[in-house]
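Okay, start_5.txt is below, compact mmCIF, N, CA and C atoms:
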# COMPACT_ATOMS: atom_id res chain seq x y z
N MET G 11 -2.21 -33.70 27.52
CA MET G 11 -1.26 -32.62 27.31
C MET G 11 0.09 -33.16 26.86
N ARG G 12 0.52 -34.21 27.50
CA ARG G 12 1.81 -34.81 27.16
C ARG G 12 1.82 -35.29 25.71
N PHE G 13 0.71 -35.85 25.27
CA PHE G 13 0.58 -36.33 23.91
C PHE G 13 0.73 -35.18 22.92
N LYS G 14 0.09 -34.03 23.22
CA LYS G 14 0.18 -32.86 22.34
C LYS G 14 1.61 -32.36 22.23
N VAL G 15 2.32 -32.37 23.34
CA VAL G 15 3.72 -31.93 23.34
C VAL G 15 4.56 -32.87 22.48
N LEU G 16 4.32 -34.17 22.59
CA LEU G 16 5.07 -35.13 21.78
C LEU G 16 4.80 -34.94 20.29
N ILE G 17 3.54 -34.69 19.97
CA ILE G 17 3.20 -34.46 18.55
C ILE G 17 3.90 -33.20 18.06
N PHE G 18 3.83 -32.13 18.85
CA PHE G 18 4.49 -30.89 18.46
C PHE G 18 5.98 -31.12 18.23
N LEU G 19 6.63 -31.79 19.16
CA LEU G 19 8.07 -32.03 19.04
C LEU G 19 8.40 -32.88 17.83
N SER G 20 7.56 -33.87 17.55
CA SER G 20 7.83 -34.72 16.39
C SER G 20 7.71 -33.91 15.10
N PHE G 21 6.71 -33.02 15.01
CA PHE G 21 6.59 -32.16 13.82
C PHE G 21 7.76 -31.18 13.75
N PHE G 22 8.15 -30.64 14.90
CA PHE G 22 9.26 -29.69 14.93
C PHE G 22 10.55 -30.32 14.43
N PHE G 23 10.89 -31.47 15.00
CA PHE G 23 12.14 -32.12 14.59
C PHE G 23 12.05 -32.68 13.18
N ALA G 24 10.88 -33.17 12.80
CA ALA G 24 10.72 -33.67 11.43
C ALA G 24 10.90 -32.54 10.43
N SER G 25 10.35 -31.37 10.75
CA SER G 25 10.49 -30.25 9.82
C SER G 25 11.95 -29.83 9.68
N LYS G 26 12.72 -29.90 10.76
CA LYS G 26 14.14 -29.56 10.69
C LYS G 26 14.90 -30.61 9.87
N ALA G 27 14.56 -31.87 10.07
CA ALA G 27 15.26 -32.96 9.38
C ALA G 27 14.99 -32.95 7.88
N PHE G 28 13.78 -32.52 7.49
CA PHE G 28 13.39 -32.56 6.09
C PHE G 28 13.52 -31.22 5.39
N ALA G 29 14.11 -30.24 6.06
CA ALA G 29 14.20 -28.90 5.47
C ALA G 29 14.91 -28.93 4.12
N GLY G 30 15.99 -29.67 4.00
CA GLY G 30 16.72 -29.74 2.73
C GLY G 30 15.89 -30.31 1.61
N PRO G 31 15.31 -31.52 1.79
CA PRO G 31 14.48 -32.07 0.72
C PRO G 31 13.25 -31.21 0.40
N VAL G 32 12.65 -30.60 1.40
CA VAL G 32 11.48 -29.75 1.16
C VAL G 32 11.88 -28.57 0.30
N ASP G 33 12.99 -27.93 0.64
CA ASP G 33 13.48 -26.81 -0.18
C ASP G 33 13.76 -27.24 -1.61
N ALA G 34 14.30 -28.42 -1.76
CA ALA G 34 14.59 -28.93 -3.11
C ALA G 34 13.29 -29.15 -3.90
N TYR G 35 12.27 -29.71 -3.23
CA TYR G 35 10.97 -29.90 -3.89
C TYR G 35 10.35 -28.56 -4.27
N LEU G 36 10.42 -27.58 -3.37
CA LEU G 36 9.84 -26.26 -3.64
C LEU G 36 10.55 -25.59 -4.81
N THR G 37 11.86 -25.68 -4.83
CA THR G 37 12.63 -25.09 -5.93
C THR G 37 12.29 -25.76 -7.26
N ALA G 38 12.23 -27.06 -7.24
CA ALA G 38 11.89 -27.80 -8.47
C ALA G 38 10.46 -27.49 -8.91
N ALA G 39 9.55 -27.36 -7.96
CA ALA G 39 8.16 -27.03 -8.30
C ALA G 39 8.08 -25.63 -8.89
N ASP G 40 8.83 -24.68 -8.34
CA ASP G 40 8.86 -23.32 -8.92
C ASP G 40 9.35 -23.36 -10.36
N ARG G 41 10.39 -24.13 -10.60
CA ARG G 41 10.92 -24.24 -11.97
C ARG G 41 9.87 -24.85 -12.90
N ALA G 42 9.19 -25.88 -12.42
CA ALA G 42 8.16 -26.52 -13.24
C ALA G 42 7.04 -25.53 -13.55
N LEU G 43 6.61 -24.75 -12.56
CA LEU G 43 5.56 -23.76 -12.79
C LEU G 43 6.02 -22.70 -13.78
N ASP G 44 7.27 -22.26 -13.65
CA ASP G 44 7.81 -21.27 -14.58
C ASP G 44 7.81 -21.78 -16.01
N LYS G 45 7.98 -23.10 -16.18
CA LYS G 45 7.97 -23.71 -17.51
C LYS G 45 6.57 -24.09 -17.96
N GLY G 46 5.57 -23.85 -17.10
CA GLY G 46 4.19 -24.18 -17.46
C GLY G 46 3.82 -25.62 -17.20
N ASP G 47 4.65 -26.35 -16.47
CA ASP G 47 4.38 -27.76 -16.18
C ASP G 47 3.77 -27.90 -14.79
N ALA G 48 2.50 -27.52 -14.69
CA ALA G 48 1.82 -27.55 -13.40
C ALA G 48 1.59 -28.97 -12.90
N VAL G 49 1.47 -29.93 -13.81
CA VAL G 49 1.29 -31.32 -13.40
C VAL G 49 2.51 -31.82 -12.64
N LEU G 50 3.69 -31.53 -13.16
CA LEU G 50 4.92 -31.90 -12.48
C LEU G 50 5.02 -31.15 -11.14
N ALA G 51 4.66 -29.90 -11.12
CA ALA G 51 4.72 -29.12 -9.88
C ALA G 51 3.83 -29.74 -8.81
N VAL G 52 2.62 -30.16 -9.18
CA VAL G 52 1.72 -30.80 -8.22
C VAL G 52 2.37 -32.06 -7.66
N ASP G 53 2.95 -32.87 -8.52
CA ASP G 53 3.60 -34.10 -8.08
C ASP G 53 4.73 -33.80 -7.08
N LEU G 54 5.56 -32.84 -7.40
CA LEU G 54 6.67 -32.47 -6.51
C LEU G 54 6.15 -31.93 -5.17
N LEU G 55 5.12 -31.11 -5.24
CA LEU G 55 4.57 -30.52 -4.02
C LEU G 55 3.88 -31.55 -3.14
N GLU G 56 3.27 -32.54 -3.75
CA GLU G 56 2.66 -33.63 -2.96
C GLU G 56 3.74 -34.38 -2.18
N HIS G 57 4.92 -34.55 -2.79
CA HIS G 57 6.04 -35.17 -2.07
C HIS G 57 6.51 -34.27 -0.93
N ALA G 58 6.54 -32.97 -1.17
CA ALA G 58 6.95 -32.03 -0.12
C ALA G 58 6.00 -32.08 1.06
N LEU G 59 4.70 -32.28 0.78
CA LEU G 59 3.71 -32.35 1.86
C LEU G 59 3.97 -33.50 2.81
N VAL G 60 4.50 -34.60 2.27
CA VAL G 60 4.81 -35.75 3.12
C VAL G 60 5.87 -35.36 4.16
N ALA G 61 6.84 -34.57 3.73
CA ALA G 61 7.92 -34.16 4.62
C ALA G 61 7.53 -33.02 5.54
N ALA G 62 6.65 -32.13 5.09
CA ALA G 62 6.30 -30.94 5.88
C ALA G 62 4.82 -30.62 5.73
N PRO G 63 3.95 -31.41 6.36
CA PRO G 63 2.51 -31.23 6.17
C PRO G 63 1.92 -29.95 6.76
N ALA G 64 2.68 -29.22 7.54
CA ALA G 64 2.16 -28.01 8.16
C ALA G 64 2.81 -26.75 7.59
N MET G 65 3.38 -26.84 6.41
CA MET G 65 4.07 -25.70 5.80
C MET G 65 3.12 -25.01 4.81
N SER G 66 2.68 -23.83 5.15
CA SER G 66 1.67 -23.14 4.34
C SER G 66 2.16 -22.85 2.92
N GLU G 67 3.44 -22.61 2.75
CA GLU G 67 3.98 -22.30 1.43
C GLU G 67 3.71 -23.43 0.42
N ILE G 68 3.74 -24.65 0.88
CA ILE G 68 3.47 -25.79 -0.01
C ILE G 68 2.02 -25.73 -0.50
N TYR G 69 1.11 -25.43 0.39
CA TYR G 69 -0.30 -25.35 0.02
C TYR G 69 -0.56 -24.19 -0.94
N VAL G 70 0.13 -23.07 -0.71
CA VAL G 70 0.00 -21.93 -1.63
C VAL G 70 0.46 -22.34 -3.02
N LYS G 71 1.60 -22.99 -3.10
CA LYS G 71 2.12 -23.40 -4.40
C LYS G 71 1.22 -24.45 -5.07
N LEU G 72 0.61 -25.32 -4.26
CA LEU G 72 -0.36 -26.26 -4.83
C LEU G 72 -1.55 -25.49 -5.40
N GLY G 73 -2.01 -24.48 -4.67
CA GLY G 73 -3.11 -23.65 -5.18
C GLY G 73 -2.74 -22.98 -6.49
N GLU G 74 -1.53 -22.43 -6.56
CA GLU G 74 -1.07 -21.79 -7.79
C GLU G 74 -0.98 -22.80 -8.94
N SER G 75 -0.52 -24.00 -8.62
CA SER G 75 -0.42 -25.04 -9.65
C SER G 75 -1.80 -25.41 -10.19
N TYR G 76 -2.75 -25.58 -9.28
CA TYR G 76 -4.10 -25.93 -9.73
C TYR G 76 -4.76 -24.78 -10.49
N LEU G 77 -4.41 -23.54 -10.16
CA LEU G 77 -4.91 -22.42 -10.97
C LEU G 77 -4.39 -22.52 -12.40
N GLN G 78 -3.11 -22.88 -12.55
CA GLN G 78 -2.56 -23.05 -13.90
C GLN G 78 -3.27 -24.15 -14.66
N LEU G 79 -3.77 -25.14 -13.93
CA LEU G 79 -4.49 -26.25 -14.56
C LEU G 79 -5.98 -25.97 -14.72
N ASP G 80 -6.40 -24.74 -14.36
CA ASP G 80 -7.81 -24.32 -14.41
C ASP G 80 -8.70 -25.21 -13.54
N ARG G 81 -8.17 -25.66 -12.44
CA ARG G 81 -8.94 -26.47 -11.49
C ARG G 81 -9.19 -25.59 -10.26
N ILE G 82 -10.18 -24.72 -10.41
CA ILE G 82 -10.48 -23.68 -9.43
C ILE G 82 -10.82 -24.25 -8.05
N GLU G 83 -11.61 -25.32 -8.03
CA GLU G 83 -12.01 -25.89 -6.74
C GLU G 83 -10.80 -26.41 -5.95
N GLN G 84 -9.91 -27.11 -6.66
CA GLN G 84 -8.71 -27.63 -6.01
C GLN G 84 -7.81 -26.47 -5.54
N ALA G 85 -7.68 -25.46 -6.38
CA ALA G 85 -6.87 -24.29 -6.00
C ALA G 85 -7.43 -23.65 -4.74
N GLU G 86 -8.72 -23.46 -4.71
CA GLU G 86 -9.36 -22.84 -3.53
C GLU G 86 -9.12 -23.68 -2.28
N LYS G 87 -9.24 -24.99 -2.41
CA LYS G 87 -9.02 -25.89 -1.28
C LYS G 87 -7.64 -25.67 -0.67
N TYR G 88 -6.62 -25.62 -1.51
CA TYR G 88 -5.26 -25.48 -1.00
C TYR G 88 -4.97 -24.08 -0.46
N PHE G 89 -5.52 -23.05 -1.10
CA PHE G 89 -5.35 -21.70 -0.56
C PHE G 89 -6.02 -21.58 0.81
N ARG G 90 -7.18 -22.20 0.97
CA ARG G 90 -7.87 -22.15 2.27
C ARG G 90 -7.06 -22.87 3.36
N ILE G 91 -6.47 -24.00 3.01
CA ILE G 91 -5.64 -24.71 3.99
C ILE G 91 -4.44 -23.83 4.38
N ALA G 92 -3.85 -23.17 3.41
CA ALA G 92 -2.70 -22.29 3.69
C ALA G 92 -3.10 -21.18 4.65
N VAL G 93 -4.29 -20.61 4.46
CA VAL G 93 -4.77 -19.55 5.34
C VAL G 93 -5.07 -20.09 6.74
N GLU G 94 -5.56 -21.32 6.81
CA GLU G 94 -5.79 -21.93 8.13
C GLU G 94 -4.47 -22.09 8.88
N ILE G 95 -3.43 -22.50 8.17
CA ILE G 95 -2.13 -22.70 8.80
C ILE G 95 -1.49 -21.36 9.16
N GLU G 96 -1.56 -20.43 8.22
CA GLU G 96 -0.93 -19.11 8.41
C GLU G 96 -1.92 -18.03 7.98
N PRO G 97 -2.76 -17.56 8.91
CA PRO G 97 -3.81 -16.59 8.56
C PRO G 97 -3.31 -15.31 7.90
N GLY G 98 -2.07 -14.94 8.12
CA GLY G 98 -1.53 -13.72 7.53
C GLY G 98 -0.74 -13.95 6.26
N SER G 99 -0.91 -15.09 5.63
CA SER G 99 -0.20 -15.39 4.39
C SER G 99 -0.76 -14.55 3.24
N ALA G 100 0.01 -13.54 2.83
CA ALA G 100 -0.44 -12.67 1.75
C ALA G 100 -0.63 -13.47 0.46
N ALA G 101 0.24 -14.43 0.20
CA ALA G 101 0.13 -15.23 -1.03
C ALA G 101 -1.15 -16.05 -1.04
N ALA G 102 -1.53 -16.62 0.10
CA ALA G 102 -2.75 -17.42 0.18
C ALA G 102 -3.99 -16.55 0.04
N ILE G 103 -3.97 -15.38 0.67
CA ILE G 103 -5.11 -14.46 0.58
C ILE G 103 -5.27 -13.99 -0.87
N ALA G 104 -4.15 -13.64 -1.50
CA ALA G 104 -4.20 -13.22 -2.90
C ALA G 104 -4.68 -14.37 -3.79
N GLY G 105 -4.27 -15.59 -3.47
CA GLY G 105 -4.74 -16.75 -4.23
C GLY G 105 -6.25 -16.90 -4.15
N LEU G 106 -6.79 -16.71 -2.95
CA LEU G 106 -8.25 -16.78 -2.79
C LEU G 106 -8.93 -15.64 -3.55
N GLY G 107 -8.27 -14.49 -3.61
CA GLY G 107 -8.81 -13.39 -4.42
C GLY G 107 -8.82 -13.73 -5.90
N THR G 108 -7.78 -14.40 -6.36
CA THR G 108 -7.70 -14.83 -7.75
C THR G 108 -8.79 -15.86 -8.06
N VAL G 109 -9.02 -16.77 -7.13
CA VAL G 109 -10.10 -17.75 -7.28
C VAL G 109 -11.43 -17.02 -7.40
N ALA G 110 -11.65 -16.01 -6.55
CA ALA G 110 -12.89 -15.24 -6.60
C ALA G 110 -13.06 -14.57 -7.96
N LEU G 111 -11.98 -14.02 -8.49
CA LEU G 111 -12.05 -13.40 -9.82
C LEU G 111 -12.38 -14.43 -10.89
N GLY G 112 -11.83 -15.63 -10.74
CA GLY G 112 -12.13 -16.70 -11.69
C GLY G 112 -13.61 -17.06 -11.71
N ARG G 113 -14.28 -16.79 -10.63
CA ARG G 113 -15.73 -17.03 -10.52
C ARG G 113 -16.55 -15.77 -10.76
N SER G 114 -15.87 -14.68 -11.12
CA SER G 114 -16.50 -13.36 -11.29
C SER G 114 -17.19 -12.89 -10.02
N ASP G 115 -16.65 -13.27 -8.89
CA ASP G 115 -17.17 -12.84 -7.59
C ASP G 115 -16.36 -11.63 -7.13
N TYR G 116 -16.72 -10.47 -7.67
CA TYR G 116 -15.96 -9.26 -7.42
C TYR G 116 -16.04 -8.82 -5.96
N ALA G 117 -17.16 -9.06 -5.32
CA ALA G 117 -17.29 -8.68 -3.91
C ALA G 117 -16.30 -9.45 -3.04
N ASP G 118 -16.16 -10.75 -3.30
CA ASP G 118 -15.20 -11.55 -2.54
C ASP G 118 -13.77 -11.12 -2.85
N ALA G 119 -13.49 -10.85 -4.12
CA ALA G 119 -12.15 -10.40 -4.51
C ALA G 119 -11.81 -9.08 -3.82
N GLU G 120 -12.79 -8.17 -3.74
CA GLU G 120 -12.56 -6.89 -3.06
C GLU G 120 -12.33 -7.11 -1.57
N ALA G 121 -13.05 -8.04 -0.97
CA ALA G 121 -12.85 -8.35 0.45
C ALA G 121 -11.44 -8.88 0.67
N ARG G 122 -10.95 -9.73 -0.22
CA ARG G 122 -9.59 -10.26 -0.11
C ARG G 122 -8.56 -9.13 -0.29
N LEU G 123 -8.87 -8.20 -1.17
CA LEU G 123 -7.97 -7.07 -1.38
C LEU G 123 -7.89 -6.20 -0.12
N ARG G 124 -9.04 -5.95 0.52
CA ARG G 124 -9.04 -5.19 1.77
C ARG G 124 -8.24 -5.92 2.85
N ARG G 125 -8.39 -7.24 2.89
CA ARG G 125 -7.62 -8.01 3.88
C ARG G 125 -6.12 -7.93 3.60
N LEU G 126 -5.77 -7.99 2.33
CA LEU G 126 -4.35 -7.84 1.97
C LEU G 126 -3.82 -6.48 2.41
N SER G 127 -4.63 -5.46 2.26
CA SER G 127 -4.22 -4.13 2.68
C SER G 127 -3.88 -4.10 4.16
N ARG G 128 -4.68 -4.82 4.96
CA ARG G 128 -4.42 -4.88 6.40
C ARG G 128 -3.21 -5.76 6.72
N VAL G 129 -3.03 -6.83 5.96
CA VAL G 129 -1.96 -7.79 6.24
C VAL G 129 -0.59 -7.27 5.81
N CYS G 130 -0.51 -6.75 4.59
CA CYS G 130 0.82 -6.40 4.08
C CYS G 130 0.91 -4.98 3.53
N GLY G 131 -0.18 -4.25 3.50
CA GLY G 131 -0.16 -2.89 2.97
C GLY G 131 -0.38 -2.86 1.47
N GLU G 132 -0.63 -1.66 0.99
CA GLU G 132 -0.94 -1.50 -0.43
C GLU G 132 0.29 -1.50 -1.33
N GLU G 133 1.46 -1.58 -0.74
CA GLU G 133 2.69 -1.61 -1.53
C GLU G 133 3.23 -3.02 -1.75
N CYS G 134 2.63 -4.03 -1.09
CA CYS G 134 3.16 -5.38 -1.27
C CYS G 134 2.76 -5.92 -2.65
N LEU G 135 3.56 -6.83 -3.14
CA LEU G 135 3.35 -7.37 -4.49
C LEU G 135 1.99 -8.05 -4.64
N GLU G 136 1.58 -8.79 -3.62
CA GLU G 136 0.30 -9.51 -3.69
C GLU G 136 -0.87 -8.53 -3.81
N TYR G 137 -0.81 -7.44 -3.05
CA TYR G 137 -1.87 -6.43 -3.13
C TYR G 137 -1.91 -5.81 -4.53
N LYS G 138 -0.74 -5.41 -5.01
CA LYS G 138 -0.68 -4.78 -6.33
C LYS G 138 -1.18 -5.71 -7.44
N ALA G 139 -0.78 -6.98 -7.35
CA ALA G 139 -1.19 -7.95 -8.39
C ALA G 139 -2.69 -8.19 -8.36
N LEU G 140 -3.25 -8.39 -7.17
CA LEU G 140 -4.69 -8.63 -7.08
C LEU G 140 -5.48 -7.39 -7.47
N SER G 141 -5.00 -6.22 -7.08
CA SER G 141 -5.66 -4.97 -7.44
C SER G 141 -5.71 -4.80 -8.96
N ALA G 142 -4.58 -5.06 -9.62
CA ALA G 142 -4.52 -4.95 -11.08
C ALA G 142 -5.43 -5.98 -11.75
N ALA G 143 -5.42 -7.20 -11.24
CA ALA G 143 -6.28 -8.25 -11.81
C ALA G 143 -7.76 -7.91 -11.63
N LEU G 144 -8.11 -7.34 -10.49
CA LEU G 144 -9.50 -6.95 -10.24
C LEU G 144 -9.91 -5.84 -11.21
N SER G 145 -9.06 -4.86 -11.42
CA SER G 145 -9.35 -3.78 -12.36
C SER G 145 -9.53 -4.33 -13.78
N GLN G 146 -8.62 -5.21 -14.18
CA GLN G 146 -8.70 -5.79 -15.53
C GLN G 146 -9.96 -6.62 -15.70
N SER G 147 -10.31 -7.39 -14.67
CA SER G 147 -11.51 -8.24 -14.74
C SER G 147 -12.77 -7.39 -14.87
N ARG G 148 -12.81 -6.31 -14.14
CA ARG G 148 -13.98 -5.42 -14.23
C ARG G 148 -14.10 -4.79 -15.59
N GLU G 149 -12.97 -4.38 -16.15
CA GLU G 149 -12.99 -3.76 -17.48
C GLU G 149 -13.42 -4.76 -18.54
N ALA G 150 -13.02 -6.01 -18.38
CA ALA G 150 -13.35 -7.04 -19.37
C ALA G 150 -14.74 -7.63 -19.18
N ALA G 151 -15.35 -7.39 -18.01
CA ALA G 151 -16.66 -7.96 -17.74
C ALA G 151 -17.72 -7.35 -18.65
N PRO G 152 -18.62 -8.18 -19.16
CA PRO G 152 -19.68 -7.66 -20.01
C PRO G 152 -20.63 -6.80 -19.20
N VAL G 153 -21.10 -5.72 -19.82
CA VAL G 153 -22.04 -4.82 -19.17
C VAL G 153 -23.45 -5.38 -19.35
N THR G 154 -24.17 -5.51 -18.23
CA THR G 154 -25.54 -6.00 -18.32
C THR G 154 -26.50 -4.82 -18.25
N PRO G 155 -27.52 -4.84 -19.11
CA PRO G 155 -28.47 -3.72 -19.14
C PRO G 155 -29.36 -3.68 -17.91
Mind turning the file's structure into structure tokens?
Amino acid sequence: MRFKVLIFLSFFFASKAFAGPVDAYLTAADRALDKGDAVLAVDLLEHALVAAPAMSEIYVKLGESYLQLDRIEQAEKYFRIAVEIEPGSAAAIAGLGTVALGRSDYADAEARLRRLSRVCGEECLEYKALSAALSQSREAAPVTP
């Protein structure tokens, strides 16, 4: 028990000490993603993970970066880690829904959409974005006889 408390405290104080650099990495990664430079974003986010390995936002952004690179498996891995850390992360759930759409797994995407509805409601941005993407994907899907 004492060991667990020490680990918790070390993560707690480390996260406070590295908050500035982590925020700087996240901001720089957002800028890189906005410019379409997902490779740079991944590099920056990997550095952020060293400082804050239990921060779900970093994993979500890694998932988004890997989606930009069309590396679906890597994106899914990071979105799943984000959900493990923070089960109610709307961004991570929406990311998993996007991965499902990338695989044309509409049933999984719909399940993620239902979960988003419970987590953040139908008015949150993540719900609206995944709902629109699901509708577009269905419309674009080839009809099988």
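Nearest residue to Cys134 of chain G among G:Leu77, G:Leu111, G:Ala101, G:Ala121 is G:Ala101, counting only C-alpha atoms.
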Residue nearest Arg113 of chain G - candidates G:Leu43, G:Ile82, G:Arg125, G:Ala38, atoms counted: all atoms listed in the file: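 Using all atoms listed in the file, Arg113 of chain G sits closest to G:Ile82.
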Based on DSSP run over this structure's backbone, return all residues of segment 62-145 of chain G in alpha helix (DSSP H), as a PyMOL selection string. chain G and resi 66-78+82-95+100-112+116-130+135-145
Skip Val109 of chain G itself and residues of its chain fewer than 3 positions away, then list as an mmCIF file with N, CA and C atoms, in the coordinates of the input all residues within 8 Å of it, counting only N, CA and C atoms.
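And here is the file that came out, selection30.cif:
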data_model
loop_
_atom_site.group_PDB
_atom_site.id
_atom_site.type_symbol
_atom_site.label_atom_id
_atom_site.label_comp_id
_atom_site.auth_asym_id
_atom_site.auth_seq_id
_atom_site.Cartn_x
_atom_site.Cartn_y
_atom_site.Cartn_z
ATOM 1 N N LEU G 77 -4.410 -23.540 -10.160
ATOM 2 C CA LEU G 77 -4.910 -22.420 -10.970
ATOM 3 C C LEU G 77 -4.390 -22.520 -12.400
ATOM 4 N N ILE G 82 -10.180 -24.720 -10.410
ATOM 5 C CA ILE G 82 -10.480 -23.680 -9.430
ATOM 6 C C ILE G 82 -10.820 -24.250 -8.050
ATOM 7 N N GLU G 83 -11.610 -25.320 -8.030
ATOM 8 C CA GLU G 83 -12.010 -25.890 -6.740
ATOM 9 C C GLU G 83 -10.800 -26.410 -5.950
ATOM 10 N N ALA G 85 -7.680 -25.460 -6.380
ATOM 11 C CA ALA G 85 -6.870 -24.290 -6.000
ATOM 12 C C ALA G 85 -7.430 -23.650 -4.740
ATOM 13 N N GLU G 86 -8.720 -23.460 -4.710
ATOM 14 C CA GLU G 86 -9.360 -22.840 -3.530
ATOM 15 C C GLU G 86 -9.120 -23.680 -2.280
ATOM 16 N N ILE G 103 -3.970 -15.380 0.670
ATOM 17 C CA ILE G 103 -5.110 -14.460 0.580
ATOM 18 C C ILE G 103 -5.270 -13.990 -0.870
ATOM 19 N N ALA G 104 -4.150 -13.640 -1.500
ATOM 20 C CA ALA G 104 -4.200 -13.220 -2.900
ATOM 21 C C ALA G 104 -4.680 -14.370 -3.790
ATOM 22 N N GLY G 105 -4.270 -15.590 -3.470
ATOM 23 C CA GLY G 105 -4.740 -16.750 -4.230
ATOM 24 C C GLY G 105 -6.250 -16.900 -4.150
ATOM 25 N N LEU G 106 -6.790 -16.710 -2.950
ATOM 26 C CA LEU G 106 -8.250 -16.780 -2.790
ATOM 27 C C LEU G 106 -8.930 -15.640 -3.550
ATOM 28 N N GLY G 112 -11.830 -15.630 -10.740
ATOM 29 C CA GLY G 112 -12.130 -16.700 -11.690
ATOM 30 C C GLY G 112 -13.610 -17.060 -11.710
ATOM 31 N N ARG G 113 -14.280 -16.790 -10.630
ATOM 32 C CA ARG G 113 -15.730 -17.030 -10.520
ATOM 33 C C ARG G 113 -16.550 -15.770 -10.760
ATOM 34 N N SER G 114 -15.870 -14.680 -11.120
ATOM 35 C CA SER G 114 -16.500 -13.360 -11.290
ATOM 36 C C SER G 114 -17.190 -12.890 -10.020
ATOM 37 N N ASP G 115 -16.650 -13.270 -8.890
ATOM 38 C CA ASP G 115 -17.170 -12.840 -7.590
ATOM 39 C C ASP G 115 -16.360 -11.630 -7.130
ATOM 40 N N ASP G 118 -16.160 -10.750 -3.300
ATOM 41 C CA ASP G 118 -15.200 -11.550 -2.540
ATOM 42 C C ASP G 118 -13.770 -11.120 -2.850
ATOM 43 N N ALA G 119 -13.490 -10.850 -4.120
ATOM 44 C CA ALA G 119 -12.150 -10.400 -4.510
ATOM 45 C C ALA G 119 -11.810 -9.080 -3.820
#
I'd like the interatomic distance between atom C of Glu132 of chain G and atom C of Gly98 of chain G, to a tenth of an Å.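 Interatomic distance, atom C of Glu132 of chain G to atom C of Gly98 of chain G: 14.6 Å.
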Nearest residue to Gln78 of chain G from the set G:Ala64, G:Pro31, G:Val49, G:Arg41 (distances using only N, CA and C atoms):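 That would be G:Val49, the residue with the smallest distance to Gln78 of chain G.
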Which distance in Å separates atom C of Glu96 of chain G and atom N of Ala48 of chain G, to one decimal?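 Distance between the two atoms: 25.0 Å.
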Computed interatomic separation between atom C of Ala42 of chain G and atom C of Ile95 of chain G (Å):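 Atom C of Ile95 of chain G lies 24.6 Å from atom C of Ala42 of chain G.
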